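Student: Sharing final.txt (compact mmCIF, C-alpha atoms) below.
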```txt
# COMPACT_ATOMS: atom_id res chain seq x y z
CA MET J 257 -13.54 54.28 71.58
CA THR J 258 -13.18 57.81 70.27
CA GLY J 259 -14.41 58.79 66.83
CA PRO J 260 -12.21 58.97 63.74
CA THR J 261 -9.62 61.70 63.34
CA TYR J 262 -7.87 62.67 60.13
CA ALA J 263 -4.49 64.39 60.12
CA ALA J 264 -3.85 67.24 57.67
CA PRO J 265 -0.61 68.96 56.53
CA PRO J 266 0.61 71.53 59.06
CA GLY J 267 1.77 74.19 56.58
CA GLY J 268 3.58 77.14 58.10
CA LEU J 269 7.36 77.14 58.49
CA PRO J 270 9.55 75.64 61.23
CA GLN J 271 11.38 78.02 63.54
CA GLN J 272 15.02 78.81 62.79
CA SER J 273 15.93 77.17 66.10
CA GLU J 274 14.52 73.75 65.12
CA ARG J 275 16.80 70.85 64.19
CA LEU J 276 17.26 70.21 60.48
CA SER J 277 16.98 66.44 60.76
CA ASP J 278 13.70 64.69 59.99
CA ARG J 279 12.49 61.27 58.83
CA ALA J 280 12.25 62.03 55.09
CA LEU J 281 13.58 59.22 52.89
CA PHE J 282 13.72 58.57 49.17
CA THR J 283 15.11 55.29 47.85
CA ASP J 284 14.76 53.31 44.64
CA ALA J 285 11.98 51.23 46.25
CA PHE J 286 10.04 53.62 48.50
CA ALA J 287 9.73 57.17 49.77
CA VAL J 288 8.69 58.53 53.17
CA ILE J 289 7.42 62.12 53.22
CA PRO J 290 6.81 63.06 56.87
CA ARG J 291 4.23 65.66 57.81
CA GLY J 292 6.98 67.98 59.02
CA VAL J 293 8.13 68.69 55.47
CA MET J 294 4.66 69.65 54.17
CA ARG J 295 5.30 73.37 54.64
CA ASP J 296 4.24 76.54 52.87
CA ILE J 297 7.35 76.91 50.70
CA VAL J 298 6.93 73.47 49.07
CA ALA J 299 3.22 73.82 48.26
CA SER J 300 2.15 74.02 44.61
CA ARG J 301 -0.41 76.28 42.95
CA LEU J 302 -2.58 74.68 40.29
CA PRO J 303 -4.03 76.18 37.09
CA LEU J 304 -7.80 76.76 37.12
CA TRP J 305 -7.95 76.39 40.92
CA ASP J 306 -8.87 79.46 42.98
CA ASP J 307 -7.41 80.13 46.46
CA THR J 308 -5.95 76.63 46.58
CA ARG J 309 -2.60 75.06 47.26
CA ALA J 310 -1.45 71.45 47.05
CA TRP J 311 1.33 69.30 48.39
CA ILE J 312 2.04 66.86 45.55
CA LEU J 313 3.10 63.71 47.37
CA ALA J 314 3.35 61.27 44.46
CA ARG J 315 3.57 61.54 40.69
CA PRO J 316 4.34 58.97 38.00
CA MET J 317 8.11 58.56 37.66
CA THR J 318 9.83 56.23 35.20
CA GLY J 319 11.67 53.53 37.11
CA PHE J 320 9.71 54.14 40.32
CA ALA J 321 5.92 54.20 40.86
CA GLU J 322 4.09 54.96 37.62
CA THR J 323 0.33 54.55 38.01
CA PHE J 324 -0.91 57.51 40.04
CA ALA J 325 -0.52 60.99 41.49
CA GLN J 326 -1.57 61.95 45.01
CA TYR J 327 -2.12 65.45 46.41
CA ALA J 328 -2.83 66.88 49.84
CA MET J 329 -5.17 69.75 48.94
CA GLU J 330 -5.99 72.89 50.94
CA VAL J 331 -8.79 75.13 49.66
CA ALA J 332 -9.45 78.50 51.30
CA PRO J 333 -13.01 79.81 51.81
CA GLY J 334 -14.51 80.60 48.42
CA GLY J 335 -11.83 78.63 46.61
CA GLY J 336 -12.11 75.61 44.38
CA SER J 337 -12.33 74.77 40.70
CA ASP J 338 -14.91 74.33 37.97
CA ARG J 339 -12.34 72.46 35.85
CA PRO J 340 -10.26 70.49 38.35
CA GLU J 341 -8.95 67.70 36.12
CA PRO J 342 -6.60 68.72 33.28
CA GLU J 343 -6.18 65.34 31.53
CA PRO J 344 -8.75 63.36 29.50
CA GLY J 345 -9.34 59.84 30.77
CA ALA J 346 -8.32 60.55 34.35
CA GLN J 347 -10.38 59.33 37.30
CA ALA J 348 -10.33 60.74 40.82
CA ALA J 349 -10.73 59.67 44.43
CA LEU J 350 -11.28 62.35 47.08
CA PHE J 351 -11.13 61.92 50.86
CA VAL J 352 -11.89 64.88 53.14
CA LEU J 353 -9.59 65.40 56.13
CA ASP J 354 -11.25 68.47 57.64
CA GLY J 355 -13.70 71.21 56.69
CA GLU J 356 -16.60 70.75 54.29
CA LEU J 357 -16.23 70.33 50.54
CA ALA J 358 -19.01 71.13 48.09
CA LEU J 359 -18.72 68.60 45.26
CA SER J 360 -20.77 68.49 42.06
CA ILE J 361 -20.65 65.43 39.80
CA GLY J 362 -22.63 66.11 36.67
CA GLN J 363 -25.93 67.58 37.89
CA GLN J 364 -25.68 66.09 41.39
CA ASP J 365 -24.52 68.30 44.29
CA HIS J 366 -22.97 66.88 47.45
CA ARG J 367 -21.43 68.10 50.71
CA LEU J 368 -18.52 66.08 52.06
CA SER J 369 -17.41 66.57 55.67
CA ALA J 370 -14.36 65.01 57.35
CA GLY J 371 -14.38 61.30 56.52
CA GLY J 372 -16.30 61.86 53.29
CA PHE J 373 -15.21 59.93 50.20
CA ALA J 374 -15.97 60.38 46.52
CA TYR J 375 -14.99 58.46 43.40
CA VAL J 376 -15.28 60.33 40.10
CA PRO J 377 -15.15 58.19 36.92
CA PRO J 378 -13.19 59.26 33.84
CA GLU J 379 -14.80 61.59 31.28
CA THR J 380 -17.07 63.01 34.00
CA ASP J 381 -17.78 66.69 34.64
CA TRP J 382 -17.07 67.54 38.27
CA ARG J 383 -16.47 70.66 40.34
CA VAL J 384 -15.38 71.45 43.89
CA ARG J 385 -15.82 74.55 46.03
CA ASN J 386 -15.31 75.58 49.64
CA LEU J 387 -18.52 77.34 50.62
CA GLY J 388 -17.62 77.55 54.31
CA ASP J 389 -15.62 80.04 56.33
CA GLN J 390 -12.72 77.68 57.20
CA PRO J 391 -10.19 75.96 54.95
CA VAL J 392 -11.06 72.50 53.68
CA ARG J 393 -8.33 69.88 53.34
CA PHE J 394 -8.62 66.67 51.40
CA MET J 395 -6.67 63.95 49.63
CA TRP J 396 -6.94 63.85 45.84
CA ILE J 397 -5.75 60.71 44.02
CA ARG J 398 -5.56 60.77 40.22
CA LYS J 399 -5.10 57.78 37.93
CA ALA J 400 -5.37 57.35 34.16
CA TYR J 401 -8.20 54.86 33.71
CA GLU J 402 -7.34 51.62 31.93
CA PRO J 403 -10.42 50.70 29.85
CA VAL J 404 -11.33 47.08 29.08
CA SER J 405 -13.42 46.16 26.05
CA GLY J 406 -16.89 45.13 27.21
CA LEU J 407 -16.62 46.79 30.64
CA PRO J 408 -18.31 50.20 31.10
CA TYR J 409 -16.86 52.97 33.22
CA PRO J 410 -17.59 52.65 36.96
CA ASP J 411 -20.40 54.70 38.47
CA PRO J 412 -19.70 57.71 40.71
CA ILE J 413 -19.53 57.00 44.44
CA VAL J 414 -20.19 59.50 47.23
CA THR J 415 -20.20 58.14 50.77
CA HIS J 416 -18.67 58.50 54.21
CA GLU J 417 -16.31 56.27 56.14
CA GLN J 418 -18.95 55.65 58.78
CA ASP J 419 -21.32 54.32 56.10
CA ALA J 420 -18.75 51.97 54.55
CA THR J 421 -18.17 48.40 55.71
CA SER J 422 -15.12 47.61 57.81
CA VAL J 423 -14.01 44.00 57.33
CA ALA J 424 -11.65 42.31 59.80
CA MET J 425 -8.83 40.36 58.21
CA PRO J 426 -9.10 36.60 58.83
CA ASP J 427 -7.85 35.25 62.16
CA THR J 428 -6.94 38.69 63.53
CA ASP J 429 -9.77 39.10 66.06
CA GLY J 430 -10.36 42.59 64.64
CA ALA J 431 -6.81 43.83 65.25
CA TRP J 432 -6.40 44.44 61.48
CA ALA J 433 -9.38 45.64 59.45
CA THR J 434 -10.04 47.26 56.08
CA THR J 435 -12.77 49.76 55.19
CA ARG J 436 -13.55 49.46 51.48
CA PHE J 437 -15.27 52.20 49.50
CA VAL J 438 -15.37 50.06 46.33
CA ASP J 439 -16.66 46.50 45.88
CA PRO J 440 -13.46 44.46 45.35
CA ASP J 441 -15.33 42.17 42.95
CA ASP J 442 -16.29 45.06 40.63
CA LEU J 443 -13.75 44.69 37.83
CA ARG J 444 -14.76 47.98 36.26
CA HIS J 445 -12.47 49.57 38.85
CA ASP J 446 -8.73 49.61 38.23
CA MET J 447 -7.82 51.22 41.54
CA HIS J 448 -8.92 50.84 45.14
CA VAL J 449 -8.77 53.43 47.91
CA ASN J 450 -9.29 51.89 51.35
CA ILE J 451 -8.79 52.76 55.00
CA VAL J 452 -6.66 50.25 56.89
CA THR J 453 -7.01 50.19 60.68
CA PHE J 454 -4.81 48.45 63.26
CA ALA J 455 -5.59 48.19 66.94
CA PRO J 456 -2.58 48.77 69.22
CA GLY J 457 -0.25 45.85 68.72
CA GLY J 458 -1.91 44.83 65.44
CA VAL J 459 0.50 43.62 62.79
CA ILE J 460 0.90 42.65 59.16
CA PRO J 461 2.55 39.33 59.99
CA PHE J 462 4.44 38.74 56.72
CA MET J 463 6.46 40.71 54.19
CA GLU J 464 3.90 41.64 51.52
CA THR J 465 5.65 41.61 48.14
CA HIS J 466 3.29 42.28 45.25
CA VAL J 467 2.72 44.01 41.94
CA MET J 468 0.45 46.78 43.29
CA GLU J 469 1.93 50.24 43.85
CA HIS J 470 0.90 52.04 47.02
CA GLY J 471 0.29 55.48 48.39
CA LEU J 472 -0.24 55.37 52.17
CA TYR J 473 -1.31 58.50 54.03
CA VAL J 474 -1.40 58.08 57.80
CA LEU J 475 -4.70 59.41 59.14
CA GLU J 476 -4.33 58.63 62.82
CA GLY J 477 -1.91 57.20 65.37
CA LYS J 478 1.59 55.86 64.86
CA GLY J 479 3.22 52.67 63.73
CA VAL J 480 6.43 51.11 62.55
CA TYR J 481 6.61 50.15 58.88
CA ARG J 482 9.04 47.73 57.29
CA LEU J 483 9.88 49.08 53.83
CA ASN J 484 12.23 46.94 51.78
CA ASP J 485 15.15 46.46 54.21
CA ARG J 486 14.40 49.26 56.71
CA TRP J 487 12.10 49.81 59.68
CA VAL J 488 10.63 53.33 59.65
CA GLU J 489 8.51 54.94 62.37
CA VAL J 490 5.54 56.88 60.98
CA GLU J 491 2.77 58.96 62.52
CA ALA J 492 -0.42 60.82 61.62
CA GLY J 493 0.15 63.12 58.64
CA ASP J 494 3.04 61.13 57.12
CA PHE J 495 2.96 59.74 53.58
CA MET J 496 4.60 56.61 52.18
CA TRP J 497 5.04 55.89 48.49
CA LEU J 498 5.89 52.34 47.38
CA ARG J 499 6.81 51.02 43.98
CA ALA J 500 5.73 47.57 42.82
CA PHE J 501 7.27 44.61 44.67
CA CYS J 502 8.68 46.67 47.54
CA PRO J 503 8.52 44.28 50.55
CA GLN J 504 6.38 45.73 53.32
CA ALA J 505 4.94 44.94 56.75
CA CYS J 506 4.03 46.93 59.85
CA TYR J 507 2.89 46.91 63.45
CA ALA J 508 0.83 49.49 65.34
CA GLY J 509 2.74 51.33 68.02
CA GLY J 510 -0.19 52.41 70.23
CA PRO J 511 -1.52 53.73 72.52
CA GLY J 512 -4.37 54.40 70.05
CA ARG J 513 -5.35 53.05 66.66
CA PHE J 514 -3.02 53.24 63.66
CA ARG J 515 -4.95 54.09 60.48
CA TYR J 516 -4.02 55.03 56.93
CA LEU J 517 -5.63 55.79 53.59
CA LEU J 518 -4.33 53.27 51.06
CA TYR J 519 -4.16 53.51 47.27
CA LYS J 520 -3.39 50.52 45.05
CA ASP J 521 -3.77 49.68 41.37
CA VAL J 522 -5.82 46.53 40.76
CA ASN J 523 -7.75 44.34 38.32
CA ARG J 524 -5.67 44.79 35.16
CA HIS J 525 -3.05 42.84 33.24
CA PRO J 526 0.44 44.32 33.32
CA ARG J 527 1.18 46.13 30.07
CA LEU J 528 3.78 44.31 27.98
CA ARG J 529 4.58 47.32 25.83
CA PRO J 530 5.00 51.00 26.81
```
I need this file expressed as structure tokens, please.
Tutor:
Amino acid sequence: MTGPTYAAPPGGLPQQSERLSDRALFTDAFAVIPRGVMRDIVASRLPLWDDTRAWILARPMTGFAETFAQYAMEVAPGGGSDRPEPEPGAQAALFVLDGELALSIGQQDHRLSAGGFAYVPPETDWRVRNLGDQPVRFMWIRKAYEPVSGLPYPDPIVTHEQDATSVAMPDTDGAWATTRFVDPDDLRHDMHVNIVTFAPGGVIPFMETHVMEHGLYVLEGKGVYRLNDRWVEVEAGDFMWLRAFCPQACYAGGPGRFRYLLYKDVNRHPRLRP
């Protein structure tokens, strides 16, 4: 088995001779943002970030998905930020796709290579910089933390996919497995970011319909996803954005593994008032 690979946005601009059609979809229940639309002209620049651009793939929207924002970040050599987070109370999850990211959390310095993961709690000083000579690309997920009386903030986490535990789903013979960066029993956390892996032919064998919102970024391979009432083919570099209760299932198309980075909100009561 080959080692992990992690797709990154292609940037650039399609040739004038290419067909206009693509697989982009936006409905009242889900969105599909294929890698082919993550081009230079739709990238965003961010205040207090040097030599950086971002493809903003998800943002809270009334009537759609409301809990998180997700960015595909690209930081040029020497770029980064000493004040990356603009909102008090926000937490962050970072996952490096390629390059090497220098990350400081408080007084602790870290280097994250491809496959590296970090969780940054709310009200925490953190900084990122590209100290190498090649661009670094990573996923950045932001969520406003929902505090609970009597529960402290979670601790920072810095790890790598290869050091995290991959757990096979029951009765799947390893065809469907989840790599968890956060202990699912730790109720201090109100979001989880996991890697889901399917062997060729692996399947979610029922229509999941649940309260958690999702951001799914395909890291490797291809698959076919059932989203609400449609089957959609997705591949490495595509992003899917699901609101709560959107029915979903999938199967891996092969010939290699189908893997995606998954966000979901967890461990909190639904708010009864705005």
Student: Give me, please, the distance in Å between CA of Ala400 in chain J and CA of Ile289 in chain J, quoted to one decimal.
Tutor: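 CA of Ile289 in chain J lies 23.4 Å from CA of Ala400 in chain J.
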Student: Suppose you want the space between CA of Thr323 in chain J and CA of Leu304 in chain J; what is it in Å?
Tutor: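 Distance reported for this atom pair: 23.7 Å.
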Student: Quick check, in Å to one decimal: how far apart do CA of Gly334 in chain J and CA of Ile397 in chain J lie?
Tutor: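 Calculated distance between CA of Gly334 in chain J and CA of Ile397 in chain J is 22.2 Å.
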Student: Could you put an axis-aligned box around every listed atom of range 395-405 of chain J, padded by 3 Å on each side, and send me its centre and edge lengths in Å to one decimal, as lines of an AutoDock Vina configuration file?
Tutor:
```
center_x = -9.3
center_y = 55.1
center_z = 37.8
size_x = 14.3
size_y = 23.8
size_z = 29.6
```
Student: Given the choices J:Gly493, J:Pro530, J:Pro377, J:Pro426, which gets closest to Pro266 in chain J if the distance is worked out from all atoms listed in the file?
Tutor: J:Gly493
Student: Might you pull out every residue within 12 Å of Ala314 in chain J, with only C-alpha atoms counted and same-chain residues fewer than 5 positions away left off, and present them as a PyMOL selection string?
Tutor: chain J and resi 282+286-289+320-328+395-399+469-473+495-499+519
Student: Which residue out of J:Ala508, J:Met425, J:Ala285, J:Val490 has the minimum interatomic distance to Gly319 in chain J when all atoms listed in the file are used?
Tutor: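 Comparing J:Ala508, J:Met425, J:Ala285, J:Val490 against Gly319 in chain J, the winner is J:Ala285.
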Student: Go through J:Asp494, J:Pro260, J:Arg444, J:Ala346 one by one, measure the shortest atom-to-atom distance of each to Val293 in chain J using all atoms listed in the file, and give the residue with the smallest value.
Tutor: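 Closest residue, counting all atoms listed in the file: J:Asp494.
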Student: Do a neighbour search on Val438 in chain J at 10 Å with only C-alpha atoms, toss out local chain neighbours closer than 2 positions, and write the hits as a VMD selection string.
Tutor: chain J and resid 375 410 413 420 to 421 435 to 436 440 to 442 445 447 to 450
Student: Which of these residues is nearest to Val488 in chain J, using only C-alpha atoms: J:Ser277, J:Pro290, J:Phe462, J:Ala374?
Tutor: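 The answer is J:Pro290, which sits nearest to Val488 in chain J.
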Student: Pick out the closest residue to Arg515 in chain J from this set: J:Val459, J:Val480, J:Val452, J:Leu368. Count all atoms listed in the file.
Tutor: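 That would be J:Val452, the residue with the smallest distance to Arg515 in chain J.
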Student: Residues within 10 Å of (-1.6, 51.5, 69.2), file coordinates, counting all atoms listed in the file: what are they? Give the list as a list in words.
Tutor: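 Answer for this query, in the requested form: Phe454, Ala455, Pro456, Gly457, Gly458, Glu476, Gly477, Lys478, Gly479, Tyr507, Ala508, Gly509, Gly510, Pro511, Gly512, Arg513, Phe514 and Arg515 of chain J.
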Student: Between J:Phe501, J:Tyr481, J:Tyr401, J:Trp305, which has the minimum distance to Ser337 in chain J (counting all atoms listed in the file)?
Tutor: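 That would be J:Trp305, the residue with the smallest distance to Ser337 in chain J.
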Student: Leaving out His366 in chain J and any residue of its chain fewer than 4 positions from it, which residues lie within 9 Å of it when counting all atoms listed in the file, given as a list in words?
Tutor: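 The residues that qualify are Leu357, Ala358, Leu359, Ser360, Ile361 and Val414 of chain J.
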Student: Quick one: everything within 12 Å of Gln271 in chain J, counting only C-alpha atoms, minus sequence neighbours fewer than 3 positions away in the same chain. Send it as a list in words.
Tutor: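 After dropping sequence-adjacent residues, the list is Gly268, Glu274, Arg275, Leu276, Gly292 and Arg295 of chain J.
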Student: Using only C-alpha atoms, determine which residues lie at most 7 Å from Ser300 in chain J, disregarding the query and same-chain residues fewer than 4 positions distant; provide the list as a compact mmCIF listing (two decimals) with C-alpha atoms, in the frame of the given file.
Tutor:
```
# COMPACT_ATOMS: atom_id res chain seq x y z
CA ARG J 309 -2.60 75.06 47.26
CA ALA J 310 -1.45 71.45 47.05
CA TRP J 311 1.33 69.30 48.39
```
Student: Is there a way to get, as a list in words, all residues within 8 Å of the point (-7.1, 43.3, 34.4) in file coordinates, counting all atoms listed in the file?
Tutor: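 Output: Val404, Leu443, Asp446, Val522, Asn523, Arg524, His525 and Pro526 of chain J.
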Student: Take range 501-521 of chain J, bring it up to N, CA, C and O atoms, and give me the output as a compact mmCIF listing (two decimals), in the frame of the given file.
Tutor:
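Generated file (part.txt):
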```txt
# COMPACT_ATOMS: atom_id res chain seq x y z
N PHE J 501 6.42 45.65 44.12
CA PHE J 501 7.27 44.61 44.67
C PHE J 501 8.17 45.05 45.82
O PHE J 501 9.04 44.29 46.26
N CYS J 502 7.95 46.26 46.35
CA CYS J 502 8.68 46.67 47.54
C CYS J 502 8.17 45.86 48.73
O CYS J 502 6.99 45.96 49.09
N PRO J 503 8.99 45.04 49.38
CA PRO J 503 8.52 44.28 50.55
C PRO J 503 8.04 45.23 51.65
O PRO J 503 8.65 46.29 51.88
N GLN J 504 6.97 44.83 52.33
CA GLN J 504 6.38 45.73 53.32
C GLN J 504 5.65 44.94 54.40
O GLN J 504 5.11 43.87 54.16
N ALA J 505 5.69 45.47 55.61
CA ALA J 505 4.94 44.94 56.75
C ALA J 505 4.88 46.06 57.77
O ALA J 505 5.50 47.11 57.60
N CYS J 506 4.10 45.88 58.83
CA CYS J 506 4.03 46.93 59.85
C CYS J 506 3.47 46.37 61.15
O CYS J 506 2.91 45.28 61.18
N TYR J 507 3.63 47.16 62.21
CA TYR J 507 2.89 46.91 63.45
C TYR J 507 2.49 48.24 64.05
O TYR J 507 3.17 49.26 63.86
N ALA J 508 1.37 48.27 64.74
CA ALA J 508 0.83 49.49 65.34
C ALA J 508 1.52 49.76 66.66
O ALA J 508 1.62 48.88 67.52
N GLY J 509 1.96 51.00 66.85
CA GLY J 509 2.74 51.33 68.02
C GLY J 509 1.92 51.72 69.25
O GLY J 509 2.49 51.79 70.35
N GLY J 510 0.62 52.00 69.08
CA GLY J 510 -0.19 52.41 70.23
C GLY J 510 0.18 53.83 70.67
O GLY J 510 1.06 54.46 70.10
N PRO J 511 -0.50 54.37 71.69
CA PRO J 511 -1.52 53.73 72.52
C PRO J 511 -2.90 53.68 71.85
O PRO J 511 -3.78 52.98 72.34
N GLY J 512 -3.09 54.42 70.75
CA GLY J 512 -4.37 54.40 70.05
C GLY J 512 -4.27 53.62 68.75
O GLY J 512 -3.28 52.94 68.46
N ARG J 513 -5.32 53.74 67.94
CA ARG J 513 -5.35 53.05 66.66
C ARG J 513 -4.33 53.65 65.69
O ARG J 513 -3.99 54.83 65.76
N PHE J 514 -3.89 52.83 64.76
CA PHE J 514 -3.02 53.24 63.66
C PHE J 514 -3.83 53.05 62.38
O PHE J 514 -4.26 51.94 62.07
N ARG J 515 -4.05 54.16 61.64
CA ARG J 515 -4.95 54.09 60.48
C ARG J 515 -4.34 54.86 59.32
O ARG J 515 -3.76 55.93 59.50
N TYR J 516 -4.52 54.31 58.11
CA TYR J 516 -4.02 55.03 56.93
C TYR J 516 -4.95 54.83 55.74
O TYR J 516 -5.67 53.83 55.63
N LEU J 517 -4.91 55.84 54.86
CA LEU J 517 -5.63 55.79 53.59
C LEU J 517 -4.70 55.14 52.58
O LEU J 517 -3.56 55.59 52.39
N LEU J 518 -5.17 54.10 51.92
CA LEU J 518 -4.33 53.27 51.06
C LEU J 518 -4.81 53.31 49.62
O LEU J 518 -5.99 53.03 49.34
N TYR J 519 -3.91 53.64 48.71
CA TYR J 519 -4.16 53.51 47.27
C TYR J 519 -3.44 52.28 46.74
O TYR J 519 -2.31 51.99 47.14
N LYS J 520 -4.09 51.56 45.80
CA LYS J 520 -3.39 50.52 45.05
C LYS J 520 -4.06 50.33 43.70
O LYS J 520 -5.27 50.54 43.54
N ASP J 521 -3.27 49.98 42.71
CA ASP J 521 -3.77 49.68 41.37
C ASP J 521 -4.13 48.20 41.31
O ASP J 521 -3.41 47.35 41.84
```
